[in-house]
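For reference, run-v1.pdb is printed below; it contains PDB, C-alpha atoms.
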```
ATOM      1  CA  MET A 490       5.355 -27.704   7.381
ATOM      2  CA  SER A 491       5.824 -29.230   3.926
ATOM      3  CA  VAL A 492       8.794 -28.513   1.702
ATOM      4  CA  LEU A 493       6.538 -26.505  -0.628
ATOM      5  CA  ASP A 494       5.285 -24.398   2.305
ATOM      6  CA  ARG A 495       8.877 -23.762   3.398
ATOM      7  CA  LEU A 496       9.854 -22.670  -0.109
ATOM      8  CA  LYS A 497       6.884 -20.300  -0.285
ATOM      9  CA  ALA A 498       7.801 -18.859   3.120
ATOM     10  CA  LEU A 499      11.381 -18.276   1.913
ATOM     11  CA  ARG A 500      10.117 -16.618  -1.280
ATOM     12  CA  ASP A 501       7.742 -14.398   0.700
ATOM     13  CA  SER A 502      10.523 -13.447   3.108
ATOM     14  CA  TYR A 503      12.787 -12.539   0.176
ATOM     15  CA  MET A 504      10.091 -10.379  -1.433
ATOM     16  CA  THR A 505       9.322  -8.645   1.860
ATOM     17  CA  ARG A 506      13.007  -7.732   2.219
ATOM     18  CA  GLN A 507      13.150  -6.504  -1.392
ATOM     19  CA  VAL A 508      10.118  -4.245  -0.904
ATOM     20  CA  ASP A 509      11.525  -2.954   2.398
ATOM     21  CA  ARG A 510      14.673  -1.827   0.535
ATOM     22  CA  ILE A 511      12.827   0.258  -2.067
ATOM     23  CA  GLU A 512      13.592   3.941  -1.772
ATOM     24  CA  MET A 513      10.341   5.791  -2.167
ATOM     25  CA  PRO A 514      10.226   8.982  -4.189
ATOM     26  CA  GLU A 515       8.367  11.995  -2.871
ATOM     27  CA  PHE A 516       4.718  11.709  -3.768
ATOM     28  CA  ARG A 517       2.315  14.582  -4.312
ATOM     29  CA  ASN A 518      -0.725  14.905  -2.084
ATOM     30  CA  GLY A 519      -3.286  14.559  -4.844
ATOM     31  CA  PRO A 520      -6.847  13.299  -4.724
ATOM     32  CA  CYS A 521      -7.626   9.676  -3.925
ATOM     33  CA  VAL A 522      -8.346   7.592  -7.022
ATOM     34  CA  ARG A 523      -9.115   3.925  -7.694
ATOM     35  CA  ARG A 524      -7.771   1.901 -10.608
ATOM     36  CA  HIS A 525      -8.690  -1.555 -11.888
ATOM     37  CA  LEU A 526      -5.514  -3.274 -13.147
ATOM     38  CA  LEU A 527      -5.050  -6.375 -15.319
ATOM     39  CA  PHE A 528      -1.458  -7.610 -15.531
ATOM     40  CA  ALA A 529      -0.662 -10.039 -18.371
ATOM     41  CA  GLY A 530       2.516 -12.031 -18.985
ATOM     42  CA  TYR A 531       4.483 -14.377 -16.750
ATOM     43  CA  VAL A 532       2.794 -13.191 -13.560
ATOM     44  CA  GLN A 533       1.499 -16.331 -11.840
ATOM     45  CA  GLY A 534       3.537 -18.761  -9.757
ATOM     46  CA  VAL A 535       6.249 -16.164  -9.072
ATOM     47  CA  GLY A 536       4.915 -14.449  -5.932
ATOM     48  CA  PHE A 537       3.434 -11.579  -7.927
ATOM     49  CA  ARG A 538       0.312 -11.144  -5.762
ATOM     50  CA  PHE A 539       2.292 -11.187  -2.512
ATOM     51  CA  GLU A 540       4.749  -8.608  -3.821
ATOM     52  CA  VAL A 541       1.924  -6.356  -5.076
ATOM     53  CA  MET A 542       0.348  -6.557  -1.615
ATOM     54  CA  CYS A 543       3.623  -5.757   0.201
ATOM     55  CA  LEU A 544       4.381  -2.788  -2.033
ATOM     56  CA  ALA A 545       0.788  -1.508  -1.926
ATOM     57  CA  GLU A 546       0.928  -1.570   1.876
ATOM     58  CA  LYS A 547       4.245   0.317   1.868
ATOM     59  CA  LEU A 548       2.712   2.890  -0.498
ATOM     60  CA  GLY A 549      -0.353   3.302   1.728
ATOM     61  CA  LEU A 550      -2.727   1.948  -0.911
ATOM     62  CA  THR A 551      -5.888  -0.031  -0.262
ATOM     63  CA  GLY A 552      -7.538  -2.623  -2.483
ATOM     64  CA  TRP A 553      -6.971  -6.217  -3.486
ATOM     65  CA  VAL A 554      -5.152  -8.536  -5.904
ATOM     66  CA  ARG A 555      -5.992 -12.021  -7.247
ATOM     67  CA  ASN A 556      -5.051 -14.561  -9.918
ATOM     68  CA  LEU A 557      -7.407 -15.140 -12.840
ATOM     69  CA  ALA A 558      -7.976 -18.512 -14.505
ATOM     70  CA  ASP A 559      -6.636 -17.154 -17.816
ATOM     71  CA  GLY A 560      -3.138 -16.539 -16.355
ATOM     72  CA  ARG A 561      -3.489 -12.813 -15.723
ATOM     73  CA  VAL A 562      -3.452 -11.072 -12.345
ATOM     74  CA  GLU A 563      -6.265  -8.662 -11.495
ATOM     75  CA  ALA A 564      -6.053  -5.903  -8.900
ATOM     76  CA  GLU A 565      -7.832  -2.819  -7.689
ATOM     77  CA  ALA A 566      -5.680  -0.164  -6.063
ATOM     78  CA  GLN A 567      -6.873   2.979  -4.308
ATOM     79  CA  GLY A 568      -4.807   5.956  -3.196
ATOM     80  CA  GLY A 569      -2.741   8.675  -4.806
ATOM     81  CA  GLU A 570      -2.467   8.392  -8.574
ATOM     82  CA  ASP A 571       1.318   8.745  -8.478
ATOM     83  CA  ARG A 572       1.553   5.950  -5.893
ATOM     84  CA  ILE A 573      -0.503   3.609  -8.096
ATOM     85  CA  ALA A 574       1.709   4.544 -11.080
ATOM     86  CA  PHE A 575       4.792   3.712  -8.978
ATOM     87  CA  LEU A 576       3.309   0.299  -8.091
ATOM     88  CA  ILE A 577       2.708  -0.491 -11.770
ATOM     89  CA  GLN A 578       6.157   0.750 -12.833
ATOM     90  CA  TYR A 579       7.893  -1.270 -10.122
ATOM     91  CA  MET A 580       6.056  -4.495 -10.995
ATOM     92  CA  ARG A 581       6.909  -4.003 -14.681
ATOM     93  CA  SER A 582      10.599  -3.558 -13.798
ATOM     94  CA  LEU A 583      11.075  -6.905 -12.022
ATOM     95  CA  LYS A 584      13.370  -9.302 -13.894
ATOM     96  CA  ARG A 585      12.142 -12.577 -12.337
ATOM     97  CA  LEU A 586       8.750 -12.177 -13.963
ATOM     98  CA  SER A 587       7.484 -10.635 -17.159
ATOM     99  CA  VAL A 588       4.668  -8.102 -17.285
ATOM    100  CA  GLU A 589       3.813  -7.890 -20.977
ATOM    101  CA  SER A 590       0.910  -5.481 -20.578
ATOM    102  CA  VAL A 591      -1.209  -3.693 -17.997
ATOM    103  CA  GLU A 592      -4.788  -2.644 -18.658
ATOM    104  CA  ILE A 593      -5.828   0.274 -16.451
ATOM    105  CA  LYS A 594      -9.396   1.492 -15.894
ATOM    106  CA  GLU A 595     -10.710   4.257 -13.649
ATOM    107  CA  MET A 596     -13.162   3.221 -10.949
ATOM    108  CA  PRO A 597     -15.144   4.983  -8.236
ATOM    109  CA  THR A 598     -13.373   5.100  -4.869
ATOM    110  CA  LEU A 599     -14.500   3.034  -1.880
ATOM    111  CA  PRO A 600     -14.255   5.380   1.126
ATOM    112  CA  ASP A 601     -14.602   2.642   3.771
ATOM    113  CA  GLU A 602     -11.789   0.413   2.460
ATOM    114  CA  LYS A 603      -8.936   0.110   4.969
ATOM    115  CA  ASP A 604      -6.494  -2.594   3.765
ATOM    116  CA  PHE A 605      -4.849  -4.170   0.745
ATOM    117  CA  ILE A 606      -5.489  -7.926   0.574
ATOM    118  CA  VAL A 607      -4.790 -10.966  -1.568
ATOM    119  CA  ARG A 608      -8.039 -12.531  -2.748
ATOM    120  CA  THR A 609      -8.355 -16.164  -3.725
TER     121      THR A 609
END
```

Please rewrite the model in this file as structure tokens.
Amino acid sequence: MSVLDRLKALRDSYMTRQVDRIEMPEFRNGPCVRRHLLFAGYVQGVGFRFEVMCLAEKLGLTGWVRNLADGRVEAEAQGGEDRIAFLIQYMRSLKRLSVESVEIKEMPTLPDEKDFIVRT
């Protein structure tokens, strides 16, 4: 394992522990929705996608996240609207990165989707 791979593994382990420590609020049992998200700012090269995936899994969301060539991070999240709002709020609150803006668009749900993944 290269030094870079070891550093990434340490970063991922740190983020997993951070997400595990989050105290979840009580969420309403509302309808399932899907949102397309575009995060802009200092969001690449800081483990943003991995942390989105970890938190989305903890929240019971499905969907995906990926880096874009223009420096933004794109995601689609499906689940309770308040859970998706919590995901966005949490990512905006992190101090080691800088989310300058989030574009949010409604999308049709995908009933057969089961997981939240990182796309390349």

Taking the file above as input, evaluate the PyMOL selection byres ((chain A and resi 555) around 10) and report the hits as a PyMOL selection string.
-> chain A and resi 527+533+537-539+541+553-554+556-558+561-565+606-609

Of the residues A:Leu526, A:Leu496, A:Cys521, A:Ala566, which is the one nearest to A:Glu592, using all atoms listed in the file?
->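 Selected residue with least distance to A:Glu592: A:Leu526.
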
Which polymer residues, protein or nucleic acid, are no farther than 9 Å from (6.2, -8.1, -3.0), counting all atoms listed in the file, as number ranges by chain?
-> A: 501, 503-508, 536-545, 580

Quick one: apply the PyMOL selection byres ((chain A and resi 589) around 12) to the file and drop the selected residues here as a ChimeraX atom specification.
-> /A:527-532,561-562,577,580-584,586-588,590-592

Quote the spacing between atom CA of A:Glu602 and atom CA of A:Arg517 in Å to one decimal place.
->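 Value for the atom CA of A:Glu602-atom CA of A:Arg517 distance: 21.1 Å.
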
Selection under test: the PyMOL selection byres ((chain A and resi 568) around 7); residues as a ChimeraX atom specification = /A:521-523,550-551,566-567,569-570,572-573

In Å, rounded to a single decimal, give me how far atom CA of A:Ile593 is from atom CA of A:Ile511.
->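 Going from atom CA of A:Ile511 over to atom CA of A:Ile593 covers 23.6 Å.
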